[in-house]
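Structure file entry.txt (compact mmCIF, C-alpha atoms) is printed below.
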```txt
# COMPACT_ATOMS: atom_id res chain seq x y z
CA MET L 1 4.44 24.91 -12.33
CA LEU L 2 6.57 27.84 -11.26
CA THR L 3 6.41 31.05 -13.31
CA ASN L 4 8.46 33.35 -11.05
CA ALA L 5 12.00 33.58 -12.45
CA TYR L 6 13.64 33.80 -9.02
CA LEU L 7 11.83 30.73 -7.66
CA GLN L 8 12.53 28.85 -10.88
CA GLY L 9 16.21 29.51 -10.25
CA VAL L 10 15.96 28.35 -6.65
CA TYR L 11 14.29 25.14 -7.74
CA GLN L 12 16.82 24.52 -10.50
CA THR L 13 19.59 24.85 -7.93
CA VAL L 14 17.87 22.23 -5.77
CA LEU L 15 17.69 19.90 -8.78
CA ASN L 16 21.35 20.44 -9.63
CA ARG L 17 22.61 19.98 -6.08
CA ASN L 18 20.43 16.98 -5.27
CA PRO L 19 20.27 14.86 -8.45
CA GLY L 20 17.86 11.94 -8.46
CA GLU L 21 16.26 12.88 -5.13
CA SER L 22 12.66 12.92 -6.36
CA GLU L 23 10.90 13.04 -2.98
CA PHE L 24 12.96 16.04 -1.91
CA HIS L 25 12.33 17.76 -5.24
CA GLN L 26 8.59 17.13 -4.84
CA ALA L 27 8.48 18.63 -1.34
CA VAL L 28 10.45 21.72 -2.33
CA LEU L 29 8.37 22.33 -5.46
CA GLU L 30 5.11 22.18 -3.51
CA VAL L 31 6.33 24.80 -1.06
CA LEU L 32 7.76 27.10 -3.74
CA GLU L 33 4.52 26.93 -5.75
CA SER L 34 2.60 27.93 -2.63
CA LEU L 35 4.94 30.83 -1.91
CA GLU L 36 4.99 32.19 -5.47
CA ALA L 37 2.21 34.78 -5.18
CA TYR L 38 3.43 35.88 -1.75
CA VAL L 39 7.04 36.31 -2.93
CA GLU L 40 5.90 38.41 -5.89
CA MET L 41 4.12 40.73 -3.43
CA HIS L 42 7.22 40.81 -1.19
CA PRO L 43 10.35 41.06 -3.38
CA GLU L 44 12.55 41.43 -0.30
CA PHE L 45 12.52 37.64 -0.02
CA GLU L 46 14.46 37.53 -3.26
CA THR L 47 17.01 40.15 -2.31
CA ASN L 48 17.74 38.80 1.18
CA GLY L 49 18.22 35.23 -0.06
CA VAL L 50 16.10 33.65 2.68
CA ILE L 51 14.48 31.14 0.33
CA ASP L 52 17.83 30.13 -1.15
CA ALA L 53 18.98 29.32 2.41
CA LEU L 54 15.69 27.67 3.38
CA VAL L 55 15.96 24.89 0.77
CA GLU L 56 19.56 24.00 1.72
CA PRO L 57 20.06 21.88 4.86
CA GLU L 58 22.30 23.40 7.50
CA ARG L 59 23.95 20.00 7.89
CA PHE L 60 23.58 16.51 6.39
CA ILE L 61 25.20 13.55 8.13
CA CYS L 62 25.61 10.07 6.59
CA PHE L 63 27.35 7.22 8.39
CA ARG L 64 27.98 3.47 8.38
CA VAL L 65 26.11 1.31 10.93
CA PRO L 66 27.75 -2.09 11.52
CA TRP L 67 25.92 -4.65 13.68
CA VAL L 68 26.00 -8.40 14.33
CA ASP L 69 22.96 -10.60 13.62
CA ASP L 70 21.82 -13.67 15.58
CA HIS L 71 24.01 -15.92 13.41
CA GLY L 72 27.15 -14.00 14.29
CA ARG L 73 27.41 -12.35 10.87
CA GLN L 74 28.28 -8.69 10.58
CA GLN L 75 25.71 -6.60 8.74
CA ILE L 76 26.13 -3.07 7.39
CA ASN L 77 23.45 -0.43 7.09
CA ARG L 78 23.57 3.27 6.35
CA GLY L 79 22.49 5.91 8.86
CA PHE L 80 21.36 9.48 8.18
CA ARG L 81 20.56 12.68 10.02
CA VAL L 82 19.62 15.94 8.35
CA GLN L 83 19.70 19.08 10.49
CA PHE L 84 17.66 21.23 8.17
CA ASN L 85 16.85 24.46 9.97
CA SER L 86 17.45 25.70 13.52
CA ALA L 87 16.06 29.24 13.20
CA ILE L 88 13.31 28.80 15.79
CA GLY L 89 14.76 26.08 18.00
CA PRO L 90 16.89 22.93 18.17
CA TYR L 91 16.50 20.54 15.27
CA LYS L 92 13.51 18.26 15.94
CA GLY L 93 12.26 15.30 13.95
CA GLY L 94 11.90 11.54 14.02
CA LEU L 95 14.09 8.59 13.08
CA ARG L 96 12.77 6.20 10.42
CA PHE L 97 14.04 2.61 10.08
CA HIS L 98 12.84 1.22 6.75
CA PRO L 99 14.47 -0.25 3.61
CA SER L 100 13.22 2.72 1.56
CA VAL L 101 15.23 5.26 3.58
CA ASN L 102 17.77 7.20 1.54
CA SER L 103 19.09 10.75 1.33
CA SER L 104 16.06 11.96 -0.65
CA ILE L 105 13.54 10.61 1.87
CA ILE L 106 15.46 12.08 4.79
CA LYS L 107 15.82 15.52 3.16
CA PHE L 108 12.15 15.67 2.17
CA LEU L 109 11.08 14.74 5.69
CA GLY L 110 13.47 17.26 7.29
CA PHE L 111 12.32 20.02 4.95
CA GLU L 112 8.65 19.30 5.70
CA GLN L 113 9.43 19.11 9.42
CA THR L 114 10.74 22.67 9.39
CA PHE L 115 7.34 24.05 8.39
CA LYS L 116 5.35 21.59 10.49
CA ASN L 117 7.28 22.49 13.63
CA SER L 118 6.86 26.18 12.87
CA LEU L 119 3.08 25.74 12.71
CA THR L 120 2.95 24.18 16.19
CA THR L 121 4.20 27.53 17.65
CA LEU L 122 6.62 25.50 19.83
CA PRO L 123 10.35 26.39 19.70
CA MET L 124 11.54 23.57 17.45
CA GLY L 125 13.59 23.60 14.27
CA GLY L 126 13.43 20.98 11.52
CA GLY L 127 15.38 17.74 11.33
CA LYS L 128 14.97 14.08 10.43
CA GLY L 129 16.99 10.89 10.42
CA GLY L 130 16.97 7.16 10.06
CA SER L 131 18.43 4.15 8.35
CA ASP L 132 17.72 1.62 5.60
CA PHE L 133 17.67 -1.03 8.36
CA ASP L 134 14.46 -3.10 8.30
CA PRO L 135 13.24 -4.09 11.80
CA LYS L 136 10.59 -6.37 10.28
CA GLY L 137 11.48 -10.00 10.98
CA LYS L 138 14.41 -9.11 13.24
CA SER L 139 14.76 -10.46 16.78
CA ASN L 140 14.80 -8.14 19.80
CA THR L 141 18.52 -8.85 20.16
CA GLU L 142 19.23 -7.86 16.56
CA ILE L 143 17.23 -4.65 16.94
CA LEU L 144 19.10 -3.90 20.17
CA HIS L 145 22.47 -4.43 18.47
CA PHE L 146 21.49 -2.20 15.57
CA CYS L 147 20.14 0.60 17.78
CA GLN L 148 23.26 0.59 19.93
CA SER L 149 25.51 0.82 16.87
CA PHE L 150 23.35 3.55 15.32
CA MET L 151 23.48 5.67 18.49
CA THR L 152 27.22 5.13 18.87
CA GLU L 153 27.63 7.46 15.89
CA LEU L 154 24.52 9.61 16.25
CA TYR L 155 25.17 10.63 19.87
CA ARG L 156 27.93 13.06 18.88
CA HIS L 157 25.48 15.08 16.72
CA ILE L 158 22.49 15.42 19.10
CA GLY L 159 21.56 17.04 22.42
CA GLN L 160 18.57 18.65 24.09
CA PHE L 161 19.72 22.11 22.94
CA THR L 162 21.07 20.92 19.59
CA ASP L 163 19.02 18.18 17.96
CA VAL L 164 16.26 16.07 19.50
CA PRO L 165 15.26 12.91 17.57
CA ALA L 166 12.07 10.93 18.11
CA GLY L 167 10.37 7.88 16.60
CA ASP L 168 8.85 7.44 13.15
CA ILE L 169 8.14 4.42 10.92
CA GLY L 170 9.98 1.41 12.34
CA VAL L 171 11.00 3.26 15.49
CA GLY L 172 8.61 2.82 18.39
CA ALA L 173 8.94 2.75 22.17
CA ARG L 174 11.21 -0.32 22.07
CA GLU L 175 13.69 1.26 19.65
CA VAL L 176 13.65 4.64 21.44
CA GLY L 177 14.41 2.84 24.70
CA TYR L 178 17.39 1.03 23.20
CA LEU L 179 18.67 4.26 21.60
CA PHE L 180 18.35 6.27 24.81
CA GLY L 181 20.02 3.54 26.85
CA GLN L 182 23.05 3.61 24.56
CA TYR L 183 23.20 7.43 24.65
CA LYS L 184 23.15 7.35 28.45
CA ARG L 185 25.81 4.63 28.52
CA ILE L 186 28.18 6.59 26.25
CA THR L 187 27.72 10.04 27.79
CA ASN L 188 27.24 9.06 31.45
CA ARG L 189 24.37 11.58 31.59
CA PHE L 190 20.61 11.26 31.99
CA ASP L 191 19.66 13.92 29.45
CA GLY L 192 15.98 13.09 29.21
CA GLY L 193 15.36 15.86 26.68
CA VAL L 194 17.77 14.39 24.12
CA ILE L 195 15.16 12.09 22.57
CA THR L 196 11.37 11.95 22.71
CA GLY L 197 8.92 9.09 22.52
CA LYS L 198 10.51 7.59 25.63
CA GLY L 199 8.72 5.16 27.95
CA ILE L 200 6.66 6.73 30.73
CA SER L 201 8.99 5.20 33.35
CA PHE L 202 11.99 7.22 32.13
CA GLY L 203 10.68 10.60 31.09
CA GLY L 204 8.20 9.95 28.32
CA SER L 205 4.96 11.87 27.94
CA LYS L 206 1.52 10.40 28.35
CA GLY L 207 -0.37 10.78 25.08
CA ARG L 208 2.70 10.63 22.82
CA THR L 209 1.74 7.27 21.30
CA GLU L 210 -1.71 8.56 20.39
CA ALA L 211 -0.63 12.06 19.42
CA THR L 212 -0.29 11.97 15.61
CA GLY L 213 -3.47 9.97 15.10
CA TYR L 214 -5.48 12.01 17.59
CA GLY L 215 -4.00 15.20 16.17
CA VAL L 216 -5.10 14.55 12.59
CA CYS L 217 -8.63 14.02 13.88
CA TYR L 218 -8.60 17.20 15.96
CA PHE L 219 -7.43 19.09 12.87
CA THR L 220 -10.12 17.42 10.72
CA GLN L 221 -12.81 18.13 13.32
CA GLU L 222 -11.94 21.83 13.34
CA LEU L 223 -11.83 21.89 9.54
CA LEU L 224 -15.29 20.28 9.40
CA ALA L 225 -16.72 22.70 11.96
CA CYS L 226 -15.32 25.89 10.41
CA MET L 227 -15.53 25.14 6.69
CA LYS L 228 -18.56 22.86 6.55
CA ASN L 229 -20.48 23.41 9.81
CA ASP L 230 -20.23 19.65 10.33
CA SER L 231 -18.43 17.01 12.40
CA PHE L 232 -17.28 13.36 12.41
CA LYS L 233 -20.65 12.24 13.72
CA ASP L 234 -22.23 9.53 11.54
CA LYS L 235 -19.48 9.77 8.90
CA ILE L 236 -17.93 6.78 7.14
CA VAL L 237 -14.13 6.92 7.41
CA VAL L 238 -11.30 5.05 5.67
CA VAL L 239 -7.87 5.05 7.32
CA SER L 240 -4.85 3.64 5.49
CA GLY L 241 -2.12 1.99 7.52
CA SER L 242 -2.29 0.14 10.83
CA GLY L 243 0.65 1.57 12.78
CA ASN L 244 0.37 4.05 15.61
CA VAL L 245 -0.82 6.95 13.46
CA ALA L 246 -3.55 4.96 11.72
CA THR L 247 -4.66 3.06 14.83
CA TYR L 248 -5.14 6.14 16.95
CA ALA L 249 -6.65 8.17 14.12
CA ALA L 250 -9.23 5.39 13.83
CA GLU L 251 -9.70 5.38 17.60
CA LYS L 252 -10.30 9.13 17.86
CA ALA L 253 -12.54 9.22 14.76
CA THR L 254 -14.65 6.50 16.37
CA GLN L 255 -14.79 8.41 19.66
CA LEU L 256 -15.99 11.46 17.72
CA GLY L 257 -18.93 9.51 16.28
CA ALA L 258 -17.61 8.14 12.98
CA THR L 259 -17.50 4.55 11.71
CA VAL L 260 -14.08 3.46 10.45
CA VAL L 261 -14.73 0.74 7.88
CA ALA L 262 -11.30 0.02 6.34
CA MET L 263 -7.62 -0.11 7.36
CA SER L 264 -4.52 -1.58 5.72
CA ASP L 265 -0.92 -2.70 5.91
CA SER L 266 1.65 -3.13 3.15
CA ASP L 267 0.11 -6.45 2.03
CA GLY L 268 -3.57 -5.53 1.76
CA TYR L 269 -6.60 -4.06 3.51
CA ILE L 270 -9.56 -5.11 5.63
CA TYR L 271 -13.13 -3.92 5.18
CA ASP L 272 -15.74 -4.20 7.92
CA PRO L 273 -19.03 -2.38 7.31
CA ASN L 274 -19.84 -2.60 11.02
CA GLY L 275 -16.71 -0.68 11.95
CA ILE L 276 -13.17 -1.89 12.65
CA ARG L 277 -12.76 -3.55 16.06
CA LEU L 278 -9.74 -1.67 17.37
CA ASP L 279 -9.23 -3.99 20.34
CA ILE L 280 -8.66 -6.87 17.91
CA LEU L 281 -6.55 -4.76 15.55
CA LYS L 282 -4.27 -3.63 18.41
CA GLU L 283 -3.80 -7.21 19.59
CA ILE L 284 -2.78 -8.29 16.07
CA LYS L 285 -0.55 -5.35 15.17
CA GLN L 286 0.84 -4.08 18.48
CA ILE L 287 1.16 -7.24 20.56
CA ARG L 288 1.72 -10.04 18.04
CA ARG L 289 3.17 -7.79 15.29
CA ALA L 290 1.28 -9.93 12.76
CA ARG L 291 -0.29 -9.08 9.38
CA ILE L 292 -3.65 -7.34 9.16
CA SER L 293 -5.09 -10.28 7.19
CA GLU L 294 -5.48 -12.15 10.49
CA TYR L 295 -8.28 -9.76 11.45
CA VAL L 296 -10.81 -11.64 9.33
CA PHE L 297 -10.24 -14.86 11.28
CA GLN L 298 -11.61 -13.15 14.40
CA VAL L 299 -14.31 -10.93 12.88
CA PRO L 300 -16.78 -12.81 10.62
CA THR L 301 -18.25 -9.61 9.12
CA ALA L 302 -14.87 -8.48 7.78
CA GLN L 303 -13.25 -9.11 4.40
CA TYR L 304 -9.58 -9.03 3.46
CA PHE L 305 -8.29 -7.89 0.06
CA GLU L 306 -4.76 -8.26 -1.28
CA GLY L 307 -3.06 -5.03 -2.33
CA CYS L 308 -3.16 -1.91 -0.17
CA HIS L 309 -4.10 0.50 -3.01
CA GLY L 310 -7.56 -1.02 -3.22
CA ILE L 311 -8.52 0.63 0.05
CA TRP L 312 -9.20 3.86 -1.85
CA SER L 313 -12.03 2.18 -3.75
CA VAL L 314 -14.02 1.89 -0.51
CA LYS L 315 -16.84 4.43 -0.38
CA CYS L 316 -16.39 6.94 2.44
CA ASP L 317 -17.09 10.48 3.60
CA ILE L 318 -13.64 11.12 5.08
CA ALA L 319 -10.28 9.62 4.09
CA LEU L 320 -7.25 9.72 6.37
CA PRO L 321 -4.13 8.39 4.59
CA CYS L 322 -1.83 7.43 7.48
CA ALA L 323 0.64 4.93 5.97
CA THR L 324 3.55 6.47 4.02
CA GLN L 325 4.61 9.01 1.38
CA ASN L 326 2.99 8.97 -2.08
CA GLU L 327 0.63 6.13 -1.15
CA LEU L 328 -2.39 7.79 -2.80
CA ASN L 329 -2.08 8.58 -6.52
CA LEU L 330 -4.28 10.26 -9.13
CA ASP L 331 -6.24 7.08 -9.94
CA ASP L 332 -6.95 6.60 -6.23
CA ALA L 333 -8.07 10.22 -5.94
CA LYS L 334 -10.48 9.80 -8.85
CA LYS L 335 -12.03 6.75 -7.17
CA LEU L 336 -12.54 8.62 -3.91
CA ILE L 337 -14.04 11.64 -5.68
CA ALA L 338 -16.39 9.45 -7.74
CA ASN L 339 -17.53 7.76 -4.52
CA GLY L 340 -18.49 11.08 -2.95
CA ILE L 341 -15.66 11.82 -0.52
CA GLN L 342 -16.09 15.11 1.34
CA VAL L 343 -12.82 15.54 3.26
CA LEU L 344 -9.26 14.22 3.11
CA CYS L 345 -6.64 15.01 5.74
CA GLU L 346 -3.13 13.62 5.56
CA GLY L 347 -2.00 11.66 8.61
CA ALA L 348 1.25 10.43 7.04
CA ASN L 349 4.03 12.62 5.63
CA MET L 350 3.13 13.65 2.05
CA PRO L 351 0.90 10.60 1.38
CA CYS L 352 -0.79 12.14 -1.66
CA THR L 353 1.05 12.58 -4.96
CA PRO L 354 0.95 16.13 -6.37
CA ASP L 355 -1.57 15.22 -9.09
CA ALA L 356 -3.82 13.57 -6.50
CA THR L 357 -3.69 16.69 -4.33
CA ALA L 358 -4.54 18.85 -7.35
CA ALA L 359 -7.47 16.58 -8.23
CA PHE L 360 -8.94 16.91 -4.75
CA GLN L 361 -8.58 20.67 -4.80
CA GLU L 362 -10.10 21.00 -8.28
CA ALA L 363 -13.06 18.85 -7.18
CA GLY L 364 -13.69 21.10 -4.17
CA ILE L 365 -12.80 18.41 -1.63
CA LEU L 366 -11.72 19.86 1.72
CA PHE L 367 -8.02 18.95 1.93
CA GLY L 368 -5.78 19.08 5.01
CA PRO L 369 -2.07 18.85 4.10
CA ALA L 370 0.35 16.75 6.14
CA LYS L 371 2.53 19.55 7.43
CA ALA L 372 -0.55 20.88 9.23
CA ALA L 373 -2.75 17.85 9.88
CA ASN L 374 0.12 15.50 10.79
CA ALA L 375 1.74 17.81 13.37
CA GLY L 376 0.24 16.20 16.48
CA GLY L 377 3.14 13.82 17.04
CA VAL L 378 5.85 16.44 17.03
CA SER L 379 3.63 18.73 19.10
CA VAL L 380 3.49 16.23 21.95
CA SER L 381 7.20 15.54 21.46
CA GLY L 382 7.67 19.25 22.12
CA LEU L 383 5.49 18.93 25.20
CA GLU L 384 7.63 15.98 26.31
CA MET L 385 10.72 18.21 25.99
CA SER L 386 8.98 20.81 28.16
CA GLN L 387 8.13 18.25 30.83
CA ASN L 388 11.72 16.95 30.82
CA SER L 389 13.09 20.48 31.22
CA GLN L 390 10.76 21.16 34.17
CA ARG L 391 11.20 17.69 35.73
CA LEU L 392 7.43 17.30 35.58
CA SER L 393 4.96 14.71 34.30
CA TRP L 394 1.57 15.88 33.08
CA THR L 395 -1.56 13.73 33.06
CA PHE L 396 -2.91 12.27 29.82
CA GLU L 397 -5.81 14.71 30.02
CA GLU L 398 -3.49 17.72 30.34
CA VAL L 399 -1.41 16.61 27.36
CA ASP L 400 -4.46 15.80 25.26
CA GLU L 401 -6.04 19.19 26.00
CA ARG L 402 -2.82 20.97 24.96
CA LEU L 403 -2.61 18.83 21.81
CA GLN L 404 -6.17 19.71 20.84
CA GLY L 405 -5.45 23.40 21.36
CA ILE L 406 -2.32 23.21 19.21
CA MET L 407 -4.11 21.42 16.35
CA VAL L 408 -7.00 23.88 16.41
CA GLY L 409 -4.44 26.70 16.30
CA ILE L 410 -2.63 25.10 13.36
CA PHE L 411 -5.88 24.88 11.37
CA HIS L 412 -6.65 28.54 11.96
CA ALA L 413 -3.10 29.65 11.14
CA ALA L 414 -3.30 27.81 7.81
CA TYR L 415 -6.84 28.99 7.06
CA ASP L 416 -6.10 32.63 7.97
CA ALA L 417 -3.00 32.59 5.75
CA SER L 418 -5.05 31.20 2.86
CA VAL L 419 -7.52 34.07 3.28
CA ALA L 420 -4.70 36.63 3.43
CA CYS L 421 -3.31 35.21 0.17
CA GLY L 422 -6.68 35.55 -1.55
CA LYS L 423 -7.35 31.80 -1.74
CA PRO L 424 -9.58 31.05 1.25
CA GLY L 425 -9.73 27.36 2.09
CA ASN L 426 -6.57 26.40 0.20
CA LEU L 427 -4.87 24.92 3.25
CA VAL L 428 -1.88 23.63 1.27
CA LEU L 429 -1.00 27.22 0.40
CA GLY L 430 -2.00 28.48 3.85
CA ALA L 431 0.10 25.97 5.77
CA ASN L 432 3.16 26.59 3.63
CA VAL L 433 2.90 30.39 3.90
CA ALA L 434 2.16 30.41 7.65
CA GLY L 435 5.01 28.00 8.39
CA PHE L 436 7.41 29.86 6.12
CA LEU L 437 6.81 33.33 7.54
CA LYS L 438 7.79 32.43 11.11
CA VAL L 439 10.98 30.64 10.00
CA ALA L 440 11.92 33.40 7.54
CA GLU L 441 11.42 36.13 10.14
CA ALA L 442 13.67 34.27 12.59
CA MET L 443 16.37 33.67 9.96
CA ILE L 444 16.41 37.35 8.98
CA ALA L 445 16.44 38.54 12.59
CA GLN L 446 19.46 36.31 13.36
CA GLY L 447 21.35 37.45 10.27
CA VAL L 448 21.71 33.90 8.99
CA VAL L 449 20.89 34.92 5.40
```

Please, can you express the file's structure as structure tokens?
Amino acid sequence: MLTNAYLQGVYQTVLNRNPGESEFHQAVLEVLESLEAYVEMHPEFETNGVIDALVEPERFICFRVPWVDDHGRQQINRGFRVQFNSAIGPYKGGLRFHPSVNSSIIKFLGFEQTFKNSLTTLPMGGGKGGSDFDPKGKSNTEILHFCQSFMTELYRHIGQFTDVPAGDIGVGAREVGYLFGQYKRITNRFDGGVITGKGISFGGSKGRTEATGYGVCYFTQELLACMKNDSFKDKIVVVSGSGNVATYAAEKATQLGATVVAMSDSDGYIYDPNGIRLDILKEIKQIRRARISEYVFQVPTAQYFEGCHGIWSVKCDIALPCATQNELNLDDAKKLIANGIQVLCEGANMPCTPDATAAFQEAGILFGPAKAANAGGVSVSGLEMSQNSQRLSWTFEEVDERLQGIMVGIFHAAYDASVACGKPGNLVLGANVAGFLKVAEAMIAQGVV
């Protein structure tokens, strides 16, 4: 817990101004705890008020989203966009469509995005958005109607030099296409840089779909090489989730020589000691949009287990939680540690609870935090913005090479900061400090605090 009186006051203000928003509180507390020793060495951060400003969004937008379902009934959802920090570039962050979305989730994601984007070294500020709309079980027409209504309000708050959304949970290429089409219809402009994650045929970047999953593996590979003189080769890996992040994390880990033995969705998980067949998984999840339980009907060596938490009881060398926030708790961490895990890197946003993270660190497990390890997606979104600005399209190989370079750079920025703070290898601290310093310097230079 915090011991610095100034940071205690900052955190108390966050609690008072944002009552009941536990995810946002959790994200802020983690960052403030990491910054505590650094702030005590640099008291100017107290006098200039930069941290007070950093934890307060520049703008928070909430709006009604009416849409008509296939039965002709009007439905109402709530839309959000937080424009958290624009010190180093236009607000940048995904849109999430999921029933769990609320103001706390959006603020936590936007706050995290500020540091994540800073670590990429690309000129992007922090933002996030979404809705409590659930695309699961909806027809294409219903999703189209919702996306058009959502963009009818959102369009007035975004722009390629203002705020650039992208996809996230529940928002893939289909949804981005519908959103961009409505933006273009309303504005009568083809502003390709206004949203990323677009289809290749209208300004999207090759490699964007794979980027977050590939990125977490590039980060993990560099962590293994530099801190353990090791690699993915011959390692047993567990990946939670089965969306884009999890699927392509599993794909890249396999390409790097590992065997991915377990994956999950919100109902349960599959275990295949011979390695997950990604061609079959993609057909089930990406084409048919079915449940992961169907995997066992096509692969006789696989088993299916109800309940997604059980995946953390599977023995592995490397764990990559790639599903959602707070999916891995202290009990799960204890199981992984008892089973001899060596490395955990977060592919989702804040998938480990604070006590789970502490348990991994205390046990000496190499731990890659989300704001560093998960930055591949927004990195390639930034590269998509660059291509749109230049009216260019890079090859998959060019994008992938740039992504790998960015993720390697992020690891070293976090590691070097941990060394400078006297806690070498504490990448949670290192990522927070490295991300903070760039944003803080820009805020001070612009006189915004």

| message | Can you tell me which residues surround Glu36 of chain L at a distance of at most 9 Å, considering only C-alpha atoms, apart from same-chain residues fewer than 2 positions away, and format the answer as a VMD selection string? | response | chain L and resid 2 to 4 7 31 to 34 38 to 41

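Taking atom CA of Tyr178 of chain L as the reference point, atom CA of Cys147 of chain L is found at 6.1 Å.
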
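Of the residues listed (L:Gln303, L:Asn48, L:Gln390, L:Gln325), L:Gln325 shows the shortest atom-to-atom separation from Asn349 of chain L; distances use all atoms listed in the file.
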
Pairwise distance, atom CA of Arg288 of chain L with atom CA of Gly197 of chain L, equals 20.9 Å

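Excluding segment 243-248 of chain L itself and same-chain residues fewer than 2 positions from it, the residues having an atom within 8 Å of it are Thr209, Glu210, Ala211, Thr212, Gly213, Tyr214, Val239, Ser240, Gly241, Ala250, Glu251, Lys252, Met263, Leu278, Lys282, Lys285, Pro321, Cys322, Ala323, Gly347 and Ala348 of chain L, counting all atoms listed in the file.
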
Subject >> Contact residues around segment 125-140 of chain L with all atoms listed in the file at 7 Å, ignoring same-chain residues under 3 positions, as number ranges by chain >> reply: L: 77-102, 106, 109-111, 113-114, 117, 143-144, 170

List the neighbours of Val314 of chain L out to 9 Å using all atoms listed in the file; skip same-chain residues closer than 5 positions along the sequence, and give me the result as a compact mmCIF listing (two decimals) with C-alpha atoms, keeping the file's coordinate frame.
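In the end it all went to around-v9.txt:
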```txt
# COMPACT_ATOMS: atom_id res chain seq x y z
CA VAL L 238 -11.30 5.05 5.67
CA VAL L 261 -14.73 0.74 7.88
CA ALA L 262 -11.30 0.02 6.34
CA TYR L 271 -13.13 -3.92 5.18
CA LYS L 335 -12.03 6.75 -7.17
CA LEU L 336 -12.54 8.62 -3.91
CA ASN L 339 -17.53 7.76 -4.52
```

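Among the candidates L:Phe115, L:Phe360, L:Phe150, L:Phe305, the residue lying nearest to Asp331 of chain L is L:Phe360 (atoms considered: only C-alpha atoms).
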
key: Answer as a ChimeraX atom specification, residues within 12 Å of (9.7, 14.6, -7.0) using only C-alpha atoms   = /L:11,14-15,18-30,104-105,107-108,325-326,350,353-355
